[in-house]
Amino acid sequence: LSPHGTLAVGQTQDHLVRFFDAAGKSLGTFGREGEGPGEFRQMDFAGWVGDTLWVHDYALTRFSFISPARKLVRTVGAAHEIVVPGDTVQTAMVVGAVSVYRDGTQLLNAVLPSTVSERPGWADDDQRTGSRLVLVTVSPKGRFERLVSFEPTDDCGMVMMRRYAFCGHPKVGLGPGAELLA
């Protein structure tokens, strides 16, 4: 929902965004399947910067900015790995964009290498969370700015992402013979 009451709904299967006014009247759509300007392959997050909608496309590693008139304003490359100049150890791999700010700073989810000795210097887990999934900001040019947080882990030591619960007691599952298990 934009600050002015416009609702944008991502239709990932159709590779487009539908726009509605505050009364629910359709204002039109933006986007189509593809890799060119105004096209999407795998939309995963969207948000507003003022009255401009941004949509992150994970497959194309970019943000598309869409005007209130449903026209492409610009595209900006999203970081796909986090590298700090002078850091000699492995980098962190970006697994998703969470937000982009007015100044172009990106808020990203990234996965750290599995062993502590391979982690970059900025990834010191002083809270001892044991998590490998981090939330970081990078500059508009993709340079590391700061570690925001470590994602918490659950009882099984798995990272708890906002959209998925990895640990717990499943109600139903499939056995080796494809039978349902309760």
# chains A, B, ... in the order shown; residues from 1 in each chain; ligands from 1
$ residues_around --residues "Phe144 in chain A" --least-positions-apart "3" --cutoff "10 Å" --atoms "only C-alpha atoms" --output "PyMOL selection string"
chain A and resi 79+81-85+105-106+122+136-141+147
$ residues_around --residues "Val148 in chain A" --least-positions-apart "5" --cutoff "10 Å" --atoms "only C-alpha atoms" --output "short mmCIF file (atom, residue, chain, number, x, y, z; two decimals) with C-alpha atoms, in the first residue's frame"
data_model
loop_
_atom_site.label_atom_id
_atom_site.label_comp_id
_atom_site.auth_asym_id
_atom_site.auth_seq_id
_atom_site.Cartn_x
_atom_site.Cartn_y
_atom_site.Cartn_z
CA LEU A 107 18.92 -4.23 2.69
CA LEU A 108 19.77 -7.86 1.89
CA ASN A 109 19.64 -11.39 3.30
CA VAL A 134 22.59 -12.33 8.04
CA LEU A 135 20.82 -9.10 7.23
CA VAL A 136 23.20 -6.46 5.82
CA THR A 137 23.13 -3.13 4.05
#
$ closest_atom_pairs --of "range 33-129 of chain A" --to "range 4-10 of chain A" --cutoff "9 Å" --atoms "only C-alpha atoms" --output "JSON lines"
{"residue": "A:Met43", "atom": "CA", "partner": "A:Gly10", "partner_atom": "CA", "distance": 7.6}
{"residue": "A:Asp44", "atom": "CA", "partner": "A:Gly10", "partner_atom": "CA", "distance": 8.7}
{"residue": "A:Phe45", "atom": "CA", "partner": "A:Gly10", "partner_atom": "CA", "distance": 8.7}
{"residue": "A:Ala46", "atom": "CA", "partner": "A:Gly10", "partner_atom": "CA", "distance": 8.0}
{"residue": "A:Gly47", "atom": "CA", "partner": "A:Ala8", "partner_atom": "CA", "distance": 9.0}
{"residue": "A:Gly50", "atom": "CA", "partner": "A:His4", "partner_atom": "CA", "distance": 8.8}
{"residue": "A:Asp51", "atom": "CA", "partner": "A:His4", "partner_atom": "CA", "distance": 7.1}
{"residue": "A:Leu53", "atom": "CA", "partner": "A:Ala8", "partner_atom": "CA", "distance": 8.1}
{"residue": "A:Val55", "atom": "CA", "partner": "A:Gly10", "partner_atom": "CA", "distance": 8.7}
{"residue": "A:Pro68", "atom": "CA", "partner": "A:Thr6", "partner_atom": "CA", "distance": 8.5}
$ write_last_selection --atoms "C-alpha atoms" --output "short mmCIF file (atom, residue, chain, number, x, y, z; two decimals), in the first residue's frame"
data_model
loop_
_atom_site.label_atom_id
_atom_site.label_comp_id
_atom_site.auth_asym_id
_atom_site.auth_seq_id
_atom_site.Cartn_x
_atom_site.Cartn_y
_atom_site.Cartn_z
CA MET A 43 9.61 -11.24 -8.50
CA ASP A 44 10.17 -11.81 -4.79
CA PHE A 45 9.90 -8.56 -2.80
CA ALA A 46 8.35 -5.16 -3.41
CA GLY A 47 7.96 -1.92 -1.50
CA GLY A 50 7.54 7.64 -1.71
CA ASP A 51 5.01 7.09 -4.49
CA LEU A 53 7.05 1.16 -6.33
CA VAL A 55 10.11 -4.64 -7.31
CA PRO A 68 2.49 6.15 -10.16
#
$ atom_distance --atom1 "CA of Tyr58 in chain A" --atom2 "CA of Gly96 in chain A"
6.8 Å
$ select_by_dssp --residues "range 105-139 of chain A" --states "strand (DSSP E or B)" --output "list in words"
Gln106, Leu107, Leu108, Asn109, Ala110, Val111, Leu133, Val134, Leu135, Val136, Thr137 and Val138 of chain A
